[in-house]
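Okay, final.tsv now, which holds TSV, C-alpha atoms:
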chain	number	residue	atom	x	y	z
A	5	MET	CA	0.00	0.00	0.00
A	6	ALA	CA	1.05	3.57	-0.56
A	7	ASP	CA	2.50	5.38	2.47
A	8	ASP	CA	0.93	8.66	3.59
A	9	LYS	CA	2.71	11.48	5.39
A	10	VAL	CA	0.37	13.97	7.07
A	11	PHE	CA	1.34	17.61	7.71
A	12	ASN	CA	-0.53	20.43	9.40
A	13	THR	CA	1.09	23.24	7.43
A	14	LEU	CA	3.05	23.86	4.25
A	15	GLU	CA	5.91	24.97	6.51
A	16	ASP	CA	6.03	21.41	7.85
A	17	ILE	CA	6.26	20.03	4.31
A	18	ALA	CA	9.06	22.50	3.55
A	19	ASP	CA	10.98	21.31	6.61
A	20	GLU	CA	10.49	17.69	5.52
A	21	LEU	CA	11.87	18.41	2.05
A	22	ILE	CA	14.84	20.38	3.39
A	23	SER	CA	15.80	17.64	5.87
A	24	SER	CA	15.53	14.88	3.27
A	25	ASN	CA	18.66	13.39	1.69
A	26	LYS	CA	16.85	12.74	-1.61
A	27	LYS	CA	18.27	14.35	-4.72
A	28	VAL	CA	14.95	14.51	-6.55
A	29	HIS	CA	11.44	15.06	-5.18
A	30	LEU	CA	8.71	14.83	-7.81
A	31	ILE	CA	5.31	15.98	-6.53
A	32	TYR	CA	1.95	15.83	-8.27
A	33	ALA	CA	-0.50	18.36	-6.84
A	34	PHE	CA	-3.67	19.96	-8.15
A	35	ASN	CA	-3.89	23.73	-8.47
A	36	ALA	CA	-4.94	25.50	-5.25
A	37	THR	CA	-3.19	22.80	-3.22
A	38	GLY	CA	-0.45	25.24	-2.22
A	39	LYS	CA	2.52	24.15	-4.32
A	40	THR	CA	3.37	27.68	-5.47
A	41	ARG	CA	3.20	28.92	-1.87
A	42	LEU	CA	5.38	25.97	-0.91
A	43	SER	CA	8.11	27.23	-3.25
A	44	THR	CA	7.92	30.68	-1.63
A	45	ILE	CA	8.12	29.17	1.86
A	46	LEU	CA	11.16	27.14	0.85
A	47	LYS	CA	12.78	30.27	-0.57
A	48	ASP	CA	12.23	32.17	2.70
A	49	LYS	CA	13.58	29.29	4.79
A	50	LEU	CA	16.66	28.71	2.66
A	51	ASN	CA	17.79	32.20	1.70
A	52	ILE	CA	19.76	33.25	4.78
A	53	SER	CA	20.13	36.91	5.74
A	54	GLU	CA	23.61	38.29	6.35
A	55	ASN	CA	24.99	41.61	7.55
A	56	ASP	CA	21.95	42.40	9.68
A	57	GLY	CA	19.55	41.60	6.88
A	58	GLU	CA	21.17	43.81	4.26
A	59	SER	CA	21.89	40.89	1.93
A	60	LYS	CA	20.90	37.27	1.56
A	61	VAL	CA	22.75	34.13	0.59
A	62	LYS	CA	20.71	32.58	-2.20
A	63	LYS	CA	20.49	28.83	-1.67
A	64	ILE	CA	17.51	28.15	-3.90
A	65	LEU	CA	16.78	28.94	-7.52
A	66	TYR	CA	13.11	28.54	-8.33
A	67	PHE	CA	10.78	28.65	-11.29
A	68	ASN	CA	7.08	29.32	-10.63
A	69	ALA	CA	4.26	31.68	-11.59
A	70	PHE	CA	6.18	34.59	-10.06
A	71	THR	CA	9.10	33.92	-12.41
A	72	GLU	CA	6.82	34.40	-15.40
A	73	ASP	CA	5.42	37.59	-13.84
A	74	LEU	CA	8.90	39.15	-14.00
A	75	PHE	CA	8.34	39.49	-17.76
A	76	THR	CA	5.76	42.00	-19.01
A	77	TRP	CA	4.70	43.32	-22.38
A	78	GLU	CA	5.04	46.83	-23.78
A	79	ASN	CA	2.18	46.78	-26.27
A	80	ASP	CA	2.56	50.20	-27.95
A	81	LEU	CA	-1.16	50.91	-27.56
A	82	GLU	CA	-0.85	54.19	-29.45
A	83	ASN	CA	0.63	52.83	-32.69
A	84	ASP	CA	0.22	49.06	-32.22
A	85	GLU	CA	3.58	48.45	-33.91
A	86	ASP	CA	6.53	48.33	-31.49
A	87	ARG	CA	5.57	45.50	-29.11
A	88	TYR	CA	8.20	43.81	-26.98
A	89	LEU	CA	8.67	41.76	-23.81
A	90	LYS	CA	10.76	43.28	-21.04
A	91	TYR	CA	12.22	42.54	-17.62
A	92	ASP	CA	13.70	44.68	-14.86
A	93	LYS	CA	17.48	44.25	-14.71
A	94	ARG	CA	17.49	45.41	-11.06
A	95	THR	CA	15.65	42.34	-9.73
A	96	PHE	CA	17.65	39.31	-8.54
A	97	PHE	CA	16.60	37.34	-11.61
A	98	GLY	CA	17.31	40.30	-13.88
A	99	LYS	CA	20.78	40.83	-12.37
A	100	PHE	CA	21.43	37.13	-12.73
A	101	LEU	CA	20.63	37.27	-16.45
A	102	GLU	CA	22.74	40.37	-17.01
A	103	GLU	CA	25.77	38.98	-15.17
A	104	GLN	CA	25.78	35.67	-17.04
A	105	GLN	CA	25.15	37.09	-20.53
A	106	GLN	CA	23.74	33.80	-21.82
A	107	PHE	CA	21.40	35.40	-24.35
A	108	GLU	CA	22.64	33.42	-27.36
A	109	GLN	CA	22.14	30.14	-25.51
A	110	VAL	CA	18.64	31.24	-24.48
A	111	ILE	CA	17.81	31.75	-28.16
A	112	ILE	CA	19.18	28.29	-29.01
A	113	ASN	CA	17.13	26.62	-26.26
A	114	PHE	CA	14.00	28.56	-27.21
A	115	GLN	CA	14.31	27.59	-30.85
A	116	LYS	CA	14.58	23.91	-29.91
A	117	TYR	CA	10.89	24.19	-29.06
A	118	VAL	CA	9.69	26.54	-31.82
A	119	HIS	CA	12.30	25.57	-34.44
A	120	ASN	CA	14.13	28.55	-35.91
A	121	LEU	CA	10.97	30.32	-37.08
A	122	ILE	CA	10.74	32.82	-34.20
A	123	VAL	CA	13.86	34.87	-33.51
A	124	PRO	CA	14.26	36.76	-30.19
A	125	ASN	CA	16.48	39.83	-30.03
A	126	PHE	CA	17.70	41.20	-26.68
A	127	GLU	CA	18.45	44.90	-26.34
A	128	ASP	CA	18.82	47.43	-23.52
A	129	ILE	CA	16.01	49.95	-23.02
A	130	GLU	CA	17.74	53.25	-22.36
A	131	ARG	CA	16.46	56.42	-20.72
A	132	GLN	CA	17.80	59.81	-19.70
A	133	ALA	CA	19.67	59.75	-16.38
A	134	ASN	CA	18.57	62.35	-13.79
A	135	ASP	CA	20.19	63.62	-10.60
A	136	SER	CA	18.59	63.45	-7.13
A	137	SER	CA	16.62	66.62	-7.90
A	138	GLY	CA	15.22	65.20	-11.11
A	139	PHE	CA	17.35	67.27	-13.47
A	140	PRO	CA	18.90	65.61	-16.55
A	141	ILE	CA	22.56	64.62	-16.31
A	142	PHE	CA	24.91	65.42	-19.19
A	143	ASP	CA	28.46	64.32	-19.89
A	144	ILE	CA	31.05	66.41	-21.70
A	145	ILE	CA	32.67	64.40	-24.49
A	146	GLY	CA	35.19	66.49	-26.38
A	147	ASP	CA	33.40	69.74	-27.05
A	148	GLN	CA	29.94	68.18	-26.97
A	149	ARG	CA	27.40	68.01	-24.15
A	150	VAL	CA	25.90	64.51	-24.37
A	151	PRO	CA	22.89	63.24	-22.39
A	152	ARG	CA	23.84	60.43	-20.00
A	153	LEU	CA	21.77	57.33	-20.71
A	154	ILE	CA	21.09	54.49	-18.31
A	155	SER	CA	19.22	51.21	-18.68
A	156	ASP	CA	17.02	49.59	-16.03
A	157	PHE	CA	15.17	47.24	-18.37
A	158	LYS	CA	16.03	44.72	-21.06
A	159	GLY	CA	13.66	44.40	-24.01
A	160	ILE	CA	13.11	41.31	-26.14
A	161	ARG	CA	11.62	41.75	-29.59
A	162	PHE	CA	10.49	38.73	-31.60
A	163	THR	CA	10.50	38.41	-35.37
A	164	LEU	CA	8.85	35.87	-37.62
A	165	ASP	CA	9.99	35.82	-41.26
A	166	GLY	CA	11.54	39.24	-40.63
A	167	ASP	CA	8.34	40.79	-39.25
A	168	SER	CA	7.97	41.93	-35.65
A	169	VAL	CA	5.37	39.83	-33.80
A	170	LYS	CA	3.86	39.43	-30.36
A	171	ILE	CA	4.29	35.78	-29.49
A	172	SER	CA	1.46	33.72	-28.01
A	173	ARG	CA	1.03	33.08	-24.30
A	174	GLY	CA	2.25	29.51	-24.80
A	175	GLU	CA	5.34	30.67	-26.69
A	176	GLU	CA	6.02	33.24	-23.97
A	177	ARG	CA	5.94	30.47	-21.35
A	178	ILE	CA	8.41	28.45	-23.42
A	179	PHE	CA	10.65	31.50	-23.74
A	180	VAL	CA	10.78	32.17	-19.99
A	181	TRP	CA	11.27	28.44	-19.36
A	182	SER	CA	14.16	28.47	-21.87
A	183	ILE	CA	15.83	31.27	-19.92
A	184	PHE	CA	15.54	29.30	-16.69
A	185	LEU	CA	16.89	26.12	-18.30
A	186	THR	CA	19.84	28.04	-19.73
A	187	LEU	CA	20.78	29.38	-16.32
A	188	LEU	CA	20.24	25.96	-14.73
A	189	GLU	CA	22.54	24.28	-17.28
A	190	LEU	CA	25.22	26.90	-16.57
A	191	ILE	CA	24.93	26.41	-12.80
A	192	ILE	CA	25.26	22.63	-13.12
A	193	GLU	CA	28.18	22.91	-15.54
A	194	GLU	CA	30.15	25.15	-13.16
A	195	LEU	CA	29.29	23.22	-9.99
A	196	SER	CA	30.34	19.97	-11.69
A	197	ASP	CA	33.85	21.30	-12.32
A	198	PRO	CA	35.95	21.24	-9.12
A	199	ASP	CA	38.51	23.56	-10.72
A	200	ILE	CA	36.00	26.40	-11.08
A	201	ASP	CA	35.48	28.79	-8.17
A	202	SER	CA	31.83	29.16	-9.08
A	203	ASP	CA	29.59	32.11	-8.22
A	204	PHE	CA	26.86	29.51	-7.72
A	205	GLN	CA	28.46	27.53	-4.91
A	206	ASP	CA	25.78	28.62	-2.43
A	207	PHE	CA	22.96	27.13	-4.51
A	208	LYS	CA	21.71	23.89	-2.96
A	209	TYR	CA	18.12	23.57	-4.18
A	210	ILE	CA	16.24	23.95	-7.45
A	211	TYR	CA	12.45	24.28	-7.16
A	212	ILE	CA	10.40	24.01	-10.33
A	213	ASP	CA	6.63	24.46	-10.23
A	214	ASP	CA	4.51	23.78	-13.33
A	215	PRO	CA	6.93	24.97	-16.01
A	216	ILE	CA	4.81	23.82	-18.96
A	217	SER	CA	1.22	24.65	-18.04
A	218	SER	CA	-1.03	25.03	-21.13
A	219	LEU	CA	1.55	23.71	-23.60
A	220	ASP	CA	0.74	21.11	-26.26
A	221	ASP	CA	1.65	17.44	-25.77
A	222	ASN	CA	4.74	17.69	-27.96
A	223	ASN	CA	6.34	20.47	-25.92
A	224	THR	CA	5.13	18.95	-22.66
A	225	ILE	CA	6.89	15.65	-23.35
A	226	ASP	CA	9.96	17.37	-24.78
A	227	SER	CA	10.23	19.60	-21.69
A	228	ALA	CA	10.01	16.63	-19.31
A	229	ILE	CA	12.68	14.65	-21.18
A	230	PHE	CA	15.03	17.63	-21.43
A	231	LEU	CA	14.58	18.42	-17.72
A	232	LYS	CA	15.44	14.85	-16.76
A	233	GLU	CA	18.61	15.07	-18.87
A	234	ILE	CA	19.65	18.25	-17.04
A	235	ILE	CA	18.98	16.67	-13.64
A	236	ALA	CA	21.06	13.63	-14.62
A	237	LYS	CA	23.98	15.93	-15.51
A	238	SER	CA	24.01	17.23	-11.92
A	239	LYS	CA	25.12	13.89	-10.46
A	240	HIS	CA	28.50	15.35	-9.47
A	241	THR	CA	26.92	18.24	-7.57
A	242	ASP	CA	25.07	18.54	-4.26
A	243	LEU	CA	22.06	20.15	-5.93
A	244	LYS	CA	18.65	18.85	-4.88
A	245	PHE	CA	15.58	19.18	-7.12
A	246	ILE	CA	11.98	19.69	-6.02
A	247	ILE	CA	9.55	19.56	-8.93
A	248	SER	CA	5.80	20.02	-8.57
A	249	SER	CA	3.15	19.87	-11.28
A	250	HIS	CA	-0.60	19.54	-11.76
A	251	GLN	CA	-0.14	18.36	-15.35
A	252	PRO	CA	-0.54	14.54	-15.54
A	253	LEU	CA	1.34	14.05	-18.82
A	254	PHE	CA	4.34	16.11	-17.70
A	255	TYR	CA	4.39	14.35	-14.32
A	256	ASN	CA	4.17	10.90	-15.85
A	257	VAL	CA	6.85	11.37	-18.48
A	258	LEU	CA	9.17	12.85	-15.85
A	259	TYR	CA	8.19	10.09	-13.39
A	260	ASN	CA	9.21	7.36	-15.84
A	261	GLU	CA	12.28	9.19	-17.12
A	262	ILE	CA	13.64	9.77	-13.61
A	263	ARG	CA	12.58	6.45	-12.15
A	264	PHE	CA	14.41	4.39	-14.77
A	265	ASP	CA	17.47	6.62	-15.17
A	266	ARG	CA	20.46	4.83	-13.65
A	267	LYS	CA	22.46	8.06	-13.37
A	268	ILE	CA	20.13	9.03	-10.52
A	269	PRO	CA	20.44	6.48	-7.67
A	270	ASN	CA	17.13	4.88	-6.69
A	271	LYS	CA	17.61	5.79	-3.03
A	272	LYS	CA	17.87	9.45	-4.04
A	273	LYS	CA	14.44	9.70	-5.72
A	274	SER	CA	11.00	10.27	-4.24
A	275	PHE	CA	7.60	10.50	-5.93
A	276	TYR	CA	4.55	11.95	-4.23
A	277	VAL	CA	0.95	12.97	-4.76
A	278	MET	CA	0.11	16.00	-2.63
A	279	LYS	CA	-3.44	16.55	-1.37
A	280	LYS	CA	-5.07	19.25	0.70
A	281	GLU	CA	-7.96	18.29	2.98
A	282	VAL	CA	-10.27	20.60	4.96
A	283	ASP	CA	-12.50	19.10	7.64
A	284	LYS	CA	-15.89	20.32	8.89
A	285	GLU	CA	-14.19	22.66	11.33
A	286	ASP	CA	-12.13	24.22	8.51
A	287	LYS	CA	-8.97	22.61	9.83
A	288	VAL	CA	-6.48	22.07	7.02
A	289	ARG	CA	-4.06	19.22	6.61
A	290	TYR	CA	-1.75	18.24	3.79
A	291	ILE	CA	-1.04	14.67	2.73
A	292	LEU	CA	1.96	13.40	0.75
A	293	THR	CA	1.26	9.94	-0.68
A	294	ASP	CA	4.32	7.95	-1.72
A	295	VAL	CA	3.81	6.62	-5.26
A	296	GLU	CA	7.39	5.54	-5.91
A	297	LYS	CA	6.40	2.08	-7.16
A	298	ASP	CA	3.25	3.08	-9.00
A	299	SER	CA	2.58	6.12	-11.15
A	300	PRO	CA	-0.84	7.43	-10.10
A	301	PHE	CA	-2.35	7.89	-13.53
A	302	GLY	CA	-2.23	4.53	-15.32
A	303	TYR	CA	0.55	5.95	-17.46
A	304	HIS	CA	1.13	2.74	-19.41
A	305	LEU	CA	-2.48	2.61	-20.59
A	306	LYS	CA	-2.58	6.33	-21.34
A	307	VAL	CA	0.52	6.11	-23.52
A	308	ARG	CA	-0.93	3.21	-25.48
A	309	GLU	CA	-4.16	5.11	-25.92
A	310	VAL	CA	-2.37	8.19	-27.28
A	311	LEU	CA	-0.20	6.09	-29.60
A	312	ARG	CA	-3.18	4.09	-30.89
A	313	LYS	CA	-5.01	7.31	-31.74
A	314	ALA	CA	-1.97	8.70	-33.58
A	315	VAL	CA	-1.36	5.45	-35.47
A	316	ASP	CA	-5.00	5.05	-36.52
A	317	SER	CA	-5.17	8.64	-37.77
A	318	GLY	CA	-1.71	8.58	-39.36
A	319	GLN	CA	-0.85	11.80	-37.49
A	320	VAL	CA	2.47	10.65	-36.08
A	321	GLU	CA	4.91	13.26	-34.74
A	322	LYS	CA	8.36	13.19	-33.12
A	323	PHE	CA	6.99	13.17	-29.60
A	324	HIS	CA	5.23	9.87	-30.35
A	325	TYR	CA	8.70	8.33	-30.63
A	326	ALA	CA	9.32	9.56	-27.07
A	327	LEU	CA	6.05	7.99	-25.94
A	328	PHE	CA	6.84	4.66	-27.61
A	329	ARG	CA	10.28	4.64	-25.99
A	330	ASN	CA	8.72	5.23	-22.57
A	331	LEU	CA	6.25	2.44	-23.26
A	332	SER	CA	9.12	0.12	-24.24
A	333	GLU	CA	11.14	1.04	-21.15
A	334	LYS	CA	8.26	0.22	-18.83
A	335	THR	CA	7.62	-3.03	-20.70
A	336	ALA	CA	11.31	-3.97	-20.44
A	337	THR	CA	11.23	-3.38	-16.69
A	338	PHE	CA	8.09	-5.50	-16.34
A	339	LEU	CA	9.64	-8.34	-18.34
A	340	GLY	CA	13.02	-8.12	-16.60
A	341	TYR	CA	15.00	-7.05	-19.67
A	342	SER	CA	18.27	-5.24	-18.96
A	343	ARG	CA	17.92	-2.98	-22.04
A	344	TRP	CA	14.75	-1.34	-23.32
A	345	GLU	CA	15.90	-1.96	-26.90
A	346	ASP	CA	15.38	-5.71	-26.35
A	347	VAL	CA	11.63	-5.03	-26.48
A	348	LEU	CA	12.07	-4.21	-30.19
A	349	LEU	CA	13.44	-7.66	-30.99
A	350	GLY	CA	10.92	-9.68	-32.96
A	351	LEU	CA	8.87	-6.68	-34.02
A	352	GLU	CA	8.34	-6.13	-37.74
A	353	VAL	CA	8.78	-3.01	-39.84
A	354	ALA	CA	7.79	-3.05	-43.51
A	355	GLY	CA	7.76	-6.86	-43.39
A	356	GLU	CA	11.29	-7.07	-41.92
A	357	GLU	CA	11.82	-8.61	-38.49
A	358	ILE	CA	14.03	-6.72	-36.05
A	359	THR	CA	16.92	-8.89	-34.89
A	360	LYS	CA	20.11	-8.29	-32.93
A	361	GLU	CA	21.91	-7.78	-36.23
A	362	ASN	CA	19.68	-4.91	-37.44
A	363	LEU	CA	18.53	-3.51	-34.06
A	364	GLU	CA	21.04	-0.66	-33.80
A	365	PRO	CA	19.59	1.63	-36.54
A	366	TYR	CA	16.17	1.48	-34.89
A	367	ALA	CA	17.61	2.30	-31.46
A	368	GLN	CA	19.56	5.20	-32.98
A	369	ARG	CA	16.37	6.57	-34.52
A	370	PHE	CA	14.77	6.69	-31.10
A	371	ASP	CA	17.83	8.47	-29.71
A	372	LEU	CA	17.57	11.00	-32.53
A	373	PHE	CA	13.96	11.86	-31.85
A	374	THR	CA	13.90	11.63	-28.06
A	375	HIS	CA	17.28	12.70	-26.71
A	376	ASN	CA	19.16	14.48	-29.47
A	377	ARG	CA	17.51	17.88	-29.23
A	378	GLN	CA	19.51	19.26	-32.15
A	379	SER	CA	17.13	17.29	-34.33
A	380	ASP	CA	14.41	19.78	-33.44
A	381	LEU	CA	16.34	22.37	-35.42
A	382	GLU	CA	16.90	20.10	-38.39
A	383	TYR	CA	13.44	18.54	-38.89
A	384	ARG	CA	10.14	20.34	-38.72
A	385	GLU	CA	8.16	17.13	-39.09
A	386	LEU	CA	8.74	13.45	-39.65
A	387	LEU	CA	9.27	12.03	-43.09
A	388	GLU	CA	6.61	9.59	-44.30
A	389	ARG	CA	8.93	6.61	-43.92
A	390	GLU	CA	9.68	7.66	-40.34
A	391	LYS	CA	5.97	7.89	-39.59
A	392	ASN	CA	5.38	4.49	-41.16
A	393	THR	CA	8.23	2.98	-39.14
A	394	LEU	CA	6.60	4.00	-35.86
A	395	ILE	CA	3.18	2.85	-37.07
A	396	ASP	CA	4.58	-0.59	-37.92
A	397	LEU	CA	6.49	-0.75	-34.64
A	398	PHE	CA	3.44	0.02	-32.54
A	399	ASN	CA	1.13	-2.33	-34.40
A	400	SER	CA	3.70	-5.10	-34.10
A	401	PHE	CA	4.24	-4.28	-30.42
A	402	GLU	CA	0.51	-4.57	-29.71
A	403	LYS	CA	0.41	-7.89	-31.51
A	404	LYS	CA	3.41	-9.35	-29.66
A	405	TYR	CA	2.85	-7.98	-26.15
A	406	LYS	CA	-0.76	-8.64	-25.22
A	407	PHE	CA	-1.55	-6.69	-22.04
A	408	ASN	CA	-4.77	-7.04	-20.07
A	409	PRO	CA	-6.22	-3.52	-19.58
A	410	LYS	CA	-8.42	-4.67	-16.68
A	411	GLU	CA	-5.43	-6.20	-14.88
A	412	GLU	CA	-3.32	-3.08	-15.47
A	413	ASN	CA	-6.03	-0.84	-14.03
A	414	GLU	CA	-6.10	-3.01	-10.91
A	415	ASN	CA	-2.36	-3.36	-10.44
A	416	GLY	CA	-0.96	-0.18	-12.03
Take the structure in this file and express it as structure tokens.
Amino acid sequence: MADDKVFNTLEDIADELISSNKKVHLIYAFNATGKTRLSTILKDKLNISENDGESKVKKILYFNAFTEDLFTWENDLENDEDRYLKYDKRTFFGKFLEEQQQFEQVIINFQKYVHNLIVPNFEDIERQANDSSGFPIFDIIGDQRVPRLISDFKGIRFTLDGDSVKISRGEERIFVWSIFLTLLELIIEELSDPDIDSDFQDFKYIYIDDPISSLDDNNTIDSAIFLKEIIAKSKHTDLKFIISSHQPLFYNVLYNEIRFDRKIPNKKKSFYVMKKEVDKEDKVRYILTDVEKDSPFGYHLKVREVLRKAVDSGQVEKFHYALFRNLSEKTATFLGYSRWEDVLLGLEVAGEEITKENLEPYAQRFDLFTHNRQSDLEYRELLEREKNTLIDLFNSFEKKYKFNPKEENENG
């Protein structure tokens, strides 16, 4: 049976997470359960004041709804032409971005999701500098009196086919998420190198709350797989990750990716469902249910359902390769195979049986579409033969591995 941990407050949950020796905590929680507040509580507990409160040692880097709120739109309501996203360079996050100057890598990460169609351009927003009395400040350069300009904000303009555009809310979420991932990759890279005296040595925790809300299935799956890869790269650091989500697909892909990744020791992983209960006397309690051995959403059946729909309609995309790989990994674990690729043996593609002799090209294709993110820049959609390959693989898989849906619903 699943184990329940009961807490009276979110502060108690925060203390539990801080005291844990786990490297990864993955938490499923519905909206309004308190997961965003939990990230704020963790931040307040971990960021220690120094010098009589004048400064704080930042021990936690977090991504939540407040991170997205740091970015706002200038919509040029008068002319409806010059629209751009901006952030304040004086905030902690803004200073962080300015100090690291990772703008080119942000663009690369962003375009992995949207291909190279949308191009962001970062530029400083300058204004006239004034003295304490509000009068303009001028500098003398040569024989000229030049206004002194300062910049408190960074602007990001987006172009599509050379035309300035306002990106959608979903694309904006991906953009902000890409910035966070870029900074996270940099932190892990520096902390993993013992020869670098890193500026990030105080960071101990990464909290990520619902990074992909409202995104389509393709980007949801891609985000989960990419995030797992980044976490796996942190194995030589002391960083601990707390990830919460109310999105079942994101949770389940990440659950399976993390659970079966050997780079992350099993004893260093935890998987929870978080619930909030209010009794008749309005007394609140929070429950963390351990689901380490059983994903709470019948993931295996859901994946097969999504793949069957795609195969029957012929609308196969790259992310379906990721789904089929996850399905194969779970099947391999169930059958006791040491390698997920062994599940492909005996399947047929275009009338040809997959054997040990011809297995490698099929495995490489899955690597291309699920873990080699450069492919997102090279292919906008699958070729017909690539679609047909996955269709044949899935149909052959269903024929060879006959699962009992009723039994799976009962046993997970």
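Between atom CA of A:Gln109 and atom CA of A:Thr186 the interatomic distance comes to 6.6 Å.
Among the candidate residues A:Lys272, A:Lys313, A:Lys90, A:Arg41, the one lying nearest to A:Asp73 is A:Lys90, with distances computed using all atoms listed in the file.
Proximity to A:Met278 was assessed for A:Arg266, A:Lys116, A:Lys26, A:Lys39 counting all atoms listed in the file; the smallest distance is recorded for A:Lys39.
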Applying 8 Å and all atoms listed in the file, which residues near stretch 398-407 of chain A remain after dropping the ones on its own chain fewer than 2 positions away? List them as number ranges by chain. A: 311-312, 315, 328, 348, 351-353, 394-396, 409, 412
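Between atom CA of A:Asp214 and atom CA of A:Gln251 there is a distance of 7.4 Å.
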